[in-house]
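So this block is entry-v6.txt, compact mmCIF, C-alpha atoms and all ligand atoms:
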# COMPACT_ATOMS: atom_id res chain seq x y z
CA MET A 1 0.00 0.00 0.00
CA THR A 2 1.32 3.44 -0.92
CA ARG A 3 2.11 5.60 2.08
CA TRP A 4 0.28 8.86 1.45
CA TRP A 5 2.10 10.77 4.15
CA LEU A 6 5.34 10.27 2.19
CA LEU A 7 3.76 11.58 -0.98
CA LYS A 8 2.41 14.91 -2.11
CA ARG A 9 -0.94 15.22 -3.85
CA HIS A 10 -1.44 11.54 -4.48
CA GLU A 11 -4.82 11.30 -6.12
CA SER A 12 -5.46 7.58 -5.77
CA ILE A 13 -5.40 7.56 -1.98
CA MET A 14 -8.80 7.19 -0.30
CA LYS A 15 -9.57 10.44 1.53
CA VAL A 16 -11.76 10.36 4.61
CA LEU A 17 -13.14 13.21 6.71
CA ILE A 18 -13.64 11.96 10.27
CA ALA A 19 -16.16 13.71 12.56
CA LEU A 20 -15.51 12.62 16.14
CA GLY A 21 -18.53 12.56 18.45
CA GLY A 22 -18.49 13.81 22.02
CA ASN A 23 -17.94 10.28 23.27
CA ALA A 24 -14.53 10.02 21.62
CA ILE A 25 -13.33 12.79 23.94
CA LEU A 26 -15.51 12.61 27.04
CA LYS A 27 -17.74 9.75 28.24
CA HIS A 28 -21.11 10.37 29.86
CA ALA A 29 -19.91 9.05 33.22
CA ASP A 30 -16.68 11.12 33.18
CA ARG A 31 -16.25 14.20 35.38
CA GLY A 32 -14.30 15.92 32.65
CA THR A 33 -10.82 15.96 34.20
CA ALA A 34 -7.88 16.53 31.88
CA GLU A 35 -6.67 12.98 32.68
CA GLU A 36 -9.98 11.46 31.56
CA GLN A 37 -10.02 13.48 28.37
CA PHE A 38 -6.40 12.57 27.60
CA ALA A 39 -7.14 8.88 28.23
CA ASN A 40 -10.12 8.96 25.84
CA ILE A 41 -8.19 10.91 23.22
CA ARG A 42 -5.27 8.47 23.47
CA ARG A 43 -7.69 5.63 22.72
CA THR A 44 -9.21 7.66 19.86
CA SER A 45 -5.74 8.40 18.46
CA LYS A 46 -4.86 4.68 18.43
CA GLU A 47 -7.92 3.95 16.30
CA LEU A 48 -7.24 6.86 13.95
CA VAL A 49 -3.62 5.84 13.44
CA LYS A 50 -4.81 2.33 12.50
CA LEU A 51 -6.66 3.99 9.60
CA ILE A 52 -3.62 6.06 8.64
CA GLU A 53 -1.46 2.95 8.75
CA ALA A 54 -3.96 1.19 6.49
CA GLY A 55 -3.36 3.95 3.92
CA TYR A 56 -6.34 6.30 4.30
CA GLN A 57 -5.69 10.04 4.26
CA LEU A 58 -7.61 11.61 7.13
CA ILE A 59 -8.85 15.05 8.06
CA ILE A 60 -10.47 15.43 11.46
CA THR A 61 -13.22 17.43 13.09
CA HIS A 62 -14.71 17.03 16.58
CA GLY A 63 -17.64 17.98 18.81
CA ASN A 64 -17.25 20.29 21.82
CA GLY A 65 -20.59 20.17 23.70
CA PRO A 66 -19.38 19.07 27.16
CA GLN A 67 -16.25 21.25 26.98
CA VAL A 68 -18.05 24.45 26.02
CA GLY A 69 -20.65 23.63 28.71
CA ASP A 70 -17.87 23.54 31.34
CA ILE A 71 -16.37 26.83 30.12
CA LEU A 72 -19.77 28.54 30.28
CA LEU A 73 -20.29 27.24 33.82
CA LYS A 74 -16.84 28.54 34.87
CA ASN A 75 -17.81 31.94 33.47
CA GLU A 76 -21.03 31.86 35.48
CA ILE A 77 -19.29 30.94 38.72
CA ALA A 78 -16.68 33.68 38.25
CA ARG A 79 -19.15 36.36 37.09
CA ASN A 80 -18.54 38.62 40.12
CA THR A 81 -14.76 38.49 39.69
CA LEU A 82 -14.06 38.39 35.97
CA PRO A 83 -15.84 39.64 32.83
CA VAL A 84 -18.20 37.04 31.34
CA MET A 85 -17.15 36.03 27.82
CA PRO A 86 -19.69 35.69 25.00
CA LEU A 87 -20.53 32.27 23.55
CA ASP A 88 -18.41 32.65 20.40
CA VAL A 89 -15.32 33.43 22.50
CA CYS A 90 -16.06 30.52 24.87
CA GLY A 91 -16.55 28.24 21.86
CA ALA A 92 -13.23 29.39 20.43
CA GLU A 93 -11.43 28.10 23.53
CA THR A 94 -12.45 24.50 22.87
CA PRO A 95 -10.49 23.79 19.66
CA GLY A 96 -7.47 24.92 21.66
CA MET A 97 -7.94 22.44 24.46
CA ILE A 98 -9.22 19.55 22.36
CA GLY A 99 -6.90 20.26 19.44
CA TYR A 100 -3.92 20.35 21.79
CA MET A 101 -4.79 16.97 23.29
CA LEU A 102 -5.42 15.43 19.86
CA GLN A 103 -2.25 16.89 18.37
CA GLN A 104 -0.12 15.53 21.19
CA CYS A 105 -1.73 12.07 21.38
CA LEU A 106 -1.75 11.64 17.59
CA ARG A 107 1.90 12.66 17.37
CA ASN A 108 2.91 10.15 20.02
CA GLU A 109 0.88 7.35 18.43
CA LEU A 110 2.18 8.16 14.93
CA GLN A 111 5.74 8.20 16.24
CA SER A 112 5.33 4.79 17.87
CA HIS A 113 4.34 3.47 14.42
CA GLY A 114 7.32 5.15 12.77
CA ILE A 115 5.07 7.49 10.79
CA LYS A 116 6.49 10.96 10.20
CA LEU A 117 3.38 13.08 9.81
CA GLN A 118 2.74 16.52 11.32
CA THR A 119 -0.60 17.35 12.87
CA VAL A 120 -2.03 20.85 13.13
CA THR A 121 -5.17 22.33 14.68
CA LEU A 122 -6.75 25.10 12.68
CA LEU A 123 -9.12 27.51 14.37
CA THR A 124 -12.10 27.64 12.03
CA GLN A 125 -14.88 30.21 11.55
CA THR A 126 -18.07 29.03 9.90
CA LEU A 127 -20.23 31.54 8.05
CA ILE A 128 -23.94 31.42 8.70
CA ASP A 129 -26.77 33.45 7.19
CA LYS A 130 -28.18 36.21 9.44
CA GLU A 131 -31.56 35.52 7.84
CA ASP A 132 -31.44 31.77 8.53
CA PRO A 133 -34.89 30.94 10.00
CA ALA A 134 -33.09 29.05 12.79
CA MET A 135 -31.70 32.40 14.07
CA LYS A 136 -35.19 33.33 15.25
CA GLN A 137 -35.82 29.97 16.92
CA PRO A 138 -33.25 29.10 19.56
CA THR A 139 -33.52 25.33 20.14
CA LYS A 140 -30.11 24.04 21.23
CA PRO A 141 -29.63 23.79 25.03
CA ILE A 142 -26.15 24.82 26.16
CA GLY A 143 -24.25 25.38 29.40
CA PRO A 144 -25.36 24.86 33.01
CA PHE A 145 -28.80 24.37 34.54
CA TYR A 146 -30.37 27.31 36.42
CA SER A 147 -33.02 27.71 39.09
CA SER A 148 -36.28 29.45 38.23
CA SER A 149 -35.17 32.75 39.87
CA GLU A 150 -31.74 32.70 38.19
CA SER A 151 -33.41 32.07 34.86
CA LEU A 152 -35.59 35.18 35.35
CA ARG A 153 -32.52 37.31 36.16
CA LEU A 154 -30.57 36.03 33.14
CA ARG A 155 -33.51 36.60 30.80
CA GLN A 156 -33.59 40.25 31.94
CA GLU A 157 -29.85 40.96 32.33
CA MET A 158 -28.53 39.01 29.36
CA GLY A 159 -31.56 38.85 27.09
CA TRP A 160 -31.13 35.08 26.85
CA THR A 161 -33.83 32.64 25.83
CA ILE A 162 -34.18 30.15 28.68
CA ILE A 163 -36.42 27.11 28.66
CA SER A 164 -37.39 24.45 31.17
CA ASP A 165 -35.29 21.42 30.13
CA SER A 166 -37.30 18.20 30.62
CA GLY A 167 -37.91 18.84 34.34
CA ARG A 168 -34.17 19.00 35.16
CA GLY A 169 -34.09 22.79 35.59
CA TYR A 170 -33.82 25.83 33.35
CA ARG A 171 -31.35 26.07 30.52
CA ARG A 172 -30.24 28.61 27.98
CA VAL A 173 -31.05 27.76 24.35
CA VAL A 174 -29.31 29.23 21.32
CA PRO A 175 -29.97 29.03 17.56
CA SER A 176 -28.39 26.24 15.54
CA PRO A 177 -28.24 27.63 11.98
CA TYR A 178 -26.92 25.86 8.87
CA PRO A 179 -23.26 26.30 7.96
CA ARG A 180 -23.04 28.17 4.61
CA SER A 181 -19.30 28.36 4.05
CA ILE A 182 -16.04 27.92 5.89
CA ILE A 183 -13.92 31.05 6.14
CA GLU A 184 -10.62 29.14 6.32
CA SER A 185 -11.50 26.51 3.66
CA GLU A 186 -8.73 27.58 1.26
CA ILE A 187 -5.92 27.13 3.76
CA ILE A 188 -7.47 23.86 4.99
CA GLY A 189 -7.51 22.65 1.37
CA LYS A 190 -3.87 23.65 0.83
CA LEU A 191 -2.63 21.91 3.98
CA PHE A 192 -4.73 18.82 3.19
CA GLY A 193 -3.35 18.78 -0.35
CA GLU A 194 0.18 18.87 1.06
CA GLY A 195 -0.63 15.79 3.12
CA PHE A 196 -0.68 17.26 6.64
CA LEU A 197 -3.04 15.84 9.26
CA ILE A 198 -5.46 18.66 10.07
CA ILE A 199 -7.88 19.07 12.95
CA GLN A 200 -10.40 21.76 11.99
CA SER A 201 -13.97 23.04 12.45
CA GLY A 202 -13.95 21.88 16.10
CA GLY A 203 -17.46 22.12 17.54
CA GLY A 204 -18.77 22.93 14.04
CA GLY A 205 -16.55 26.02 13.85
CA ILE A 206 -17.12 29.43 15.43
CA PRO A 207 -20.35 30.84 13.94
CA VAL A 208 -19.87 34.21 12.21
CA VAL A 209 -22.08 36.49 10.10
CA LYS A 210 -21.09 38.98 7.40
CA ASP A 211 -22.15 42.66 7.60
CA GLU A 212 -22.83 45.07 4.70
CA GLU A 213 -19.12 45.96 4.44
CA GLY A 214 -18.14 42.31 4.24
CA ASN A 215 -16.67 42.19 7.75
CA ILE A 216 -17.38 39.11 9.83
CA HIS A 217 -18.54 38.99 13.47
CA GLY A 218 -19.11 36.17 15.95
CA VAL A 219 -22.68 35.34 16.94
CA GLU A 220 -24.29 33.63 19.92
CA ALA A 221 -25.20 30.39 18.20
CA VAL A 222 -23.81 26.90 17.71
CA ILE A 223 -23.35 24.94 14.52
CA ASP A 224 -23.81 21.18 14.37
CA LYS A 225 -20.38 19.64 13.87
CA ASP A 226 -21.72 16.93 11.52
CA LEU A 227 -23.24 19.55 9.20
CA SER A 228 -19.98 21.55 9.11
CA ALA A 229 -18.09 18.31 8.53
CA SER A 230 -20.38 17.51 5.60
CA LEU A 231 -19.86 20.94 4.06
CA LEU A 232 -16.08 20.74 4.32
CA ALA A 233 -16.07 17.15 3.04
CA SER A 234 -17.85 18.39 -0.10
CA ILE A 235 -15.57 21.42 -0.50
CA LEU A 236 -12.45 19.24 -0.24
CA GLY A 237 -13.95 16.50 -2.42
CA VAL A 238 -13.01 13.70 -0.03
CA ASP A 239 -14.31 10.21 -0.81
CA ILE A 240 -15.91 9.36 2.52
CA LEU A 241 -17.55 11.34 5.31
CA MET A 242 -17.26 9.24 8.46
CA MET A 243 -19.20 10.17 11.61
CA LEU A 244 -17.91 8.29 14.64
CA THR A 245 -20.32 8.17 17.57
CA ASP A 246 -21.44 5.79 20.32
CA VAL A 247 -23.67 3.48 18.25
CA GLU A 248 -22.47 0.82 15.80
CA LYS A 249 -25.26 1.45 13.32
CA VAL A 250 -28.20 3.67 12.56
CA ALA A 251 -31.42 1.91 13.57
CA LEU A 252 -35.12 2.04 12.88
CA ASN A 253 -37.26 2.12 16.04
CA TYR A 254 -34.07 2.94 17.93
CA SER A 255 -33.86 1.42 21.44
CA LYS A 256 -37.34 -0.11 21.15
CA PRO A 257 -38.06 -3.87 21.26
CA ASN A 258 -38.60 -3.87 17.47
CA GLU A 259 -35.31 -2.09 16.70
CA ILE A 260 -33.76 -2.90 13.31
CA LYS A 261 -30.11 -2.03 12.70
CA LEU A 262 -29.36 -0.84 9.17
CA ASP A 263 -26.31 -1.70 7.04
CA ARG A 264 -27.14 0.54 4.10
CA LEU A 265 -29.35 3.54 3.45
CA SER A 266 -30.06 5.27 0.15
CA VAL A 267 -30.78 9.01 0.10
CA GLY A 268 -34.43 8.11 -0.57
CA ASP A 269 -34.52 5.81 2.50
CA CYS A 270 -33.06 8.62 4.61
CA ARG A 271 -35.77 11.05 3.52
CA LEU A 272 -38.51 8.48 4.10
CA TYR A 273 -37.37 7.50 7.60
CA GLU A 274 -36.61 11.12 8.47
CA ALA A 275 -40.24 11.98 7.66
CA GLN A 276 -41.32 9.11 9.94
CA GLY A 277 -39.41 10.74 12.81
CA GLN A 278 -36.82 7.95 13.13
CA PHE A 279 -33.94 10.40 13.57
CA PRO A 280 -34.35 12.95 16.40
CA PRO A 281 -33.20 16.56 15.78
CA GLY A 282 -30.57 16.74 18.54
CA SER A 283 -28.72 13.50 17.75
CA MET A 284 -29.17 11.23 14.71
CA GLY A 285 -31.12 13.83 12.68
CA PRO A 286 -28.13 16.06 11.85
CA LYS A 287 -25.94 13.03 11.06
CA ILE A 288 -28.45 11.77 8.49
CA GLU A 289 -28.85 15.28 7.08
CA ALA A 290 -25.04 15.62 6.89
CA ALA A 291 -24.80 12.25 5.11
CA VAL A 292 -27.54 13.12 2.60
CA ARG A 293 -26.03 16.51 1.80
CA PHE A 294 -22.57 15.02 1.25
CA VAL A 295 -23.83 12.26 -1.03
CA GLU A 296 -26.12 14.64 -2.95
CA ALA A 297 -23.15 16.95 -3.52
CA GLY A 298 -21.29 14.07 -5.21
CA GLY A 299 -19.58 12.35 -2.26
CA GLN A 300 -19.09 8.59 -2.62
CA ALA A 301 -20.56 7.56 0.74
CA ALA A 302 -21.13 8.64 4.32
CA ILE A 303 -20.62 6.17 7.14
CA ILE A 304 -22.05 6.30 10.67
CA THR A 305 -20.47 3.93 13.20
CA SER A 306 -18.43 3.71 16.40
CA LEU A 307 -14.75 4.54 16.77
CA GLU A 308 -13.76 0.90 17.30
CA LEU A 309 -15.48 -0.18 14.08
CA ALA A 310 -14.10 2.61 11.88
CA LYS A 311 -11.64 0.41 9.98
CA ALA A 312 -14.09 -2.46 9.51
CA ALA A 313 -16.70 0.04 8.30
CA LEU A 314 -14.32 1.46 5.68
CA GLU A 315 -13.86 -2.12 4.46
CA GLY A 316 -17.65 -2.47 4.17
CA LYS A 317 -17.89 -4.86 7.12
CA ALA A 318 -19.54 -2.68 9.78
CA GLY A 319 -21.55 0.49 10.42
CA THR A 320 -24.27 2.10 8.34
CA THR A 321 -23.35 3.36 4.88
CA VAL A 322 -25.39 6.09 3.20
CA SER A 323 -24.94 6.28 -0.57
CA ASN A 324 -26.81 7.19 -3.72
CA SER A 325 -27.56 3.63 -4.79
P1 LIG B 401 -22.32 12.65 18.90
O1 LIG B 401 -21.77 13.30 20.11
O2 LIG B 401 -21.49 11.50 18.44
O3 LIG B 401 -22.70 13.60 17.81
P2 LIG B 401 -25.18 12.28 19.40
O4 LIG B 401 -25.65 11.99 20.78
O5 LIG B 401 -25.41 13.65 18.86
O6 LIG B 401 -23.64 11.89 19.40
O7 LIG B 401 -25.80 11.23 18.37
C1 LIG B 401 -25.67 9.82 18.57
C2 LIG B 401 -26.87 9.26 19.33
O8 LIG B 401 -28.03 9.23 18.51
C3 LIG B 401 -26.74 7.82 19.77
O9 LIG B 401 -26.06 7.71 20.98
C4 LIG B 401 -28.20 7.37 19.92
O10 LIG B 401 -28.59 7.42 21.28
C5 LIG B 401 -28.99 8.44 19.18
N1 LIG B 401 -29.97 7.97 18.19
C6 LIG B 401 -31.16 8.57 18.00
N2 LIG B 401 -31.84 7.98 17.02
C7 LIG B 401 -31.08 6.97 16.55
C8 LIG B 401 -31.26 6.00 15.52
N3 LIG B 401 -32.37 5.98 14.75
N4 LIG B 401 -30.28 5.09 15.32
C9 LIG B 401 -29.17 5.12 16.07
N5 LIG B 401 -28.94 6.02 17.07
C10 LIG B 401 -29.89 6.95 17.31
MG MG B 402 -24.31 15.21 18.01

The structure given in the file should be rewritten as structure tokens.
Amino acid sequence: MTRWWLLKRHESIMKVLIALGGNAILKHADRGTAEEQFANIRRTSKELVKLIEAGYQLIITHGNGPQVGDILLKNEIARNTLPVMPLDVCGAETPGMIGYMLQQCLRNELQSHGIKLQTVTLLTQTLIDKEDPAMKQPTKPIGPFYSSSESLRLRQEMGWTIISDSGRGYRRVVPSPYPRSIIESEIIGKLFGEGFLIIQSGGGGIPVVKDEEGNIHGVEAVIDKDLSASLLASILGVDILMMLTDVEKVALNYSKPNEIKLDRLSVGDCRLYEAQGQFPPGSMGPKIEAAVRFVEAGGQAAIITSLELAKAALEGKAGTTVSNS
């Protein structure tokens, strides 16, 4: 097998954009210590390097939900001592912490396999449309839970939209608009073309809007990382969009007694099952939408599976594959 990291612009190498789910970095039961996150990322890096060793050229993106939640909570706790940072600035901190851990763990794992390949994290801004209907309908819960009285204060002081989150308390919700373009896509493309291992669009990228003069500004919103991943996968023209999460396959009647795990889905199947409500908006919905968009834009296939099954899935032996046929 040709070693792509020794070559420049080798067209015949299979290119794969990997979108890492929250679970690859932080598990539900974890407290979120640096040690826990490093341990998870070390395990993730081992799996990713197996793919690199097998000859696939990778480009990586990752979620940031739990990490940005912790940063927002720290801001809240320190609000009487230090200025509170807006959501876009808090979000921008996460590619630093996660990118750092990934860069270090990947480097160490690559080195132990004798692979000379440099990894870089690229802070990414994702352009959204001010007029996106989602901007008027905040739906995505973020950050800590509040009491009823705190929620009243924050509504008044900060102008936030706060909802009661399934009986667990009150939570801020922000818009989750569609990614339209990626500000740094040209440099990402150049580095990818040169064969470097790039970590980009962490947490879906920092959402920005353009004003009349063409200047960009951060907004208080979040972008789904799978949708940003899909957009970049199409821009770069990679072969496969791979979304690694905590389920082996997409299922019908998920977690019900009549659950059916799916090996393959056509775009038509996706639309049909989506309309039946098989894929909830906060979890599987955006992955299916990301897969459909990538395939419709000419991508070969999108795969949804778990980290451990990534290699088997690329060989057609595991996971759920979404394609045009
Ligand atoms: P990630 O952090 O990887 O993006 P999400 O929680 O957003 O993870 O999405 C993955 C989750 O989607 C799974 O853990 C599973 O609980 C849920 N899910 C919802 N519907 C389905 C479905 N039809 N098939 C498989 N998983 C589903
Ligand atoms: Mg998700």

Enumerate residues in contact with ligand LIG 401 (chain B): an atom-to-atom distance of at most 6 Å, counting all atoms listed in the file. Format the result as a PyMOL selection string. chain A and resi 21-23+245-247+250-252+254+278-280+283-284

Looking at all atoms listed in the file, which of A:Pro286, A:Pro66, A:Gly159, A:Pro95 is the one that sits closest to Gly205 (chain A)? A:Pro95

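Using all atoms listed in the file, the nearest neighbour of Gly65 (chain A) within the list A:Val267, A:Met135, A:Ile25, A:Leu191 is A:Ile25.
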
To one decimal in Å, tell me the separation between CA of Ser176 (chain A) and CA of Lys140 (chain A).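 Distance reported for this atom pair: 6.3 Å.
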
As an exercise, work out the distance from CA of Ile183 (chain A) to CA of Leu122 (chain A) in Å and give it to one decimal place.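 Computing the Euclidean distance for CA of Ile183 (chain A) and CA of Leu122 (chain A) yields 11.4 Å.
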
Long-range neighbours of Leu232 (chain A) as a ChimeraX atom specification, 9 Å cut-off, only C-alpha atoms, 2 positions minimum in chain: /A:17,181-182,185,201,227-230,234-238

Would you save region 145-166 of chain A from the block above with N, CA and C atoms, as a CSV table (one decimal), in the first residue's frame?
chain,number,residue,atom,x,y,z
A,145,PHE,N,-27.4,24.3,34.2
A,145,PHE,CA,-28.8,24.4,34.5
A,145,PHE,C,-29.0,25.5,35.6
A,146,TYR,N,-30.1,26.2,35.5
A,146,TYR,CA,-30.4,27.3,36.4
A,146,TYR,C,-31.7,27.1,37.2
A,147,SER,N,-31.8,27.8,38.3
A,147,SER,CA,-33.0,27.7,39.1
A,147,SER,C,-34.0,28.7,38.4
A,148,SER,N,-35.3,28.6,38.8
A,148,SER,CA,-36.3,29.5,38.2
A,148,SER,C,-35.9,30.9,38.4
A,149,SER,N,-35.5,31.3,39.6
A,149,SER,CA,-35.2,32.7,39.9
A,149,SER,C,-33.9,33.2,39.1
A,150,GLU,N,-32.9,32.3,39.0
A,150,GLU,CA,-31.7,32.7,38.2
A,150,GLU,C,-32.1,32.9,36.7
A,151,SER,N,-33.0,32.0,36.3
A,151,SER,CA,-33.4,32.1,34.9
A,151,SER,C,-34.1,33.4,34.6
A,152,LEU,N,-34.9,33.9,35.5
A,152,LEU,CA,-35.6,35.2,35.3
A,152,LEU,C,-34.6,36.3,35.2
A,153,ARG,N,-33.6,36.3,36.2
A,153,ARG,CA,-32.5,37.3,36.2
A,153,ARG,C,-31.7,37.3,34.8
A,154,LEU,N,-31.4,36.1,34.4
A,154,LEU,CA,-30.6,36.0,33.1
A,154,LEU,C,-31.4,36.4,31.9
A,155,ARG,N,-32.7,36.1,31.9
A,155,ARG,CA,-33.5,36.6,30.8
A,155,ARG,C,-33.5,38.1,30.7
A,156,GLN,N,-33.6,38.8,31.9
A,156,GLN,CA,-33.6,40.2,31.9
A,156,GLN,C,-32.2,40.8,31.7
A,157,GLU,N,-31.2,40.4,32.4
A,157,GLU,CA,-29.9,41.0,32.3
A,157,GLU,C,-29.2,40.7,31.0
A,158,MET,N,-29.3,39.4,30.5
A,158,MET,CA,-28.5,39.0,29.4
A,158,MET,C,-29.4,38.9,28.1
A,159,GLY,N,-30.7,39.0,28.3
A,159,GLY,CA,-31.6,38.9,27.1
A,159,GLY,C,-31.6,37.4,26.5
A,160,TRP,N,-31.2,36.4,27.3
A,160,TRP,CA,-31.1,35.1,26.8
A,160,TRP,C,-32.5,34.5,26.7
A,161,THR,N,-32.6,33.5,25.9
A,161,THR,CA,-33.8,32.6,25.8
A,161,THR,C,-33.5,31.5,26.7
A,162,ILE,N,-34.4,31.3,27.7
A,162,ILE,CA,-34.2,30.1,28.7
A,162,ILE,C,-35.4,29.3,28.7
A,163,ILE,N,-35.3,28.0,28.6
A,163,ILE,CA,-36.4,27.1,28.7
A,163,ILE,C,-36.3,26.1,29.8
A,164,SER,N,-37.4,25.5,30.2
A,164,SER,CA,-37.4,24.5,31.2
A,164,SER,C,-37.0,23.2,30.4
A,165,ASP,N,-35.8,22.6,30.9
A,165,ASP,CA,-35.3,21.4,30.1
A,165,ASP,C,-35.7,20.1,30.8
A,166,SER,N,-36.7,19.5,30.2
A,166,SER,CA,-37.3,18.2,30.6
A,166,SER,C,-37.3,18.0,32.1
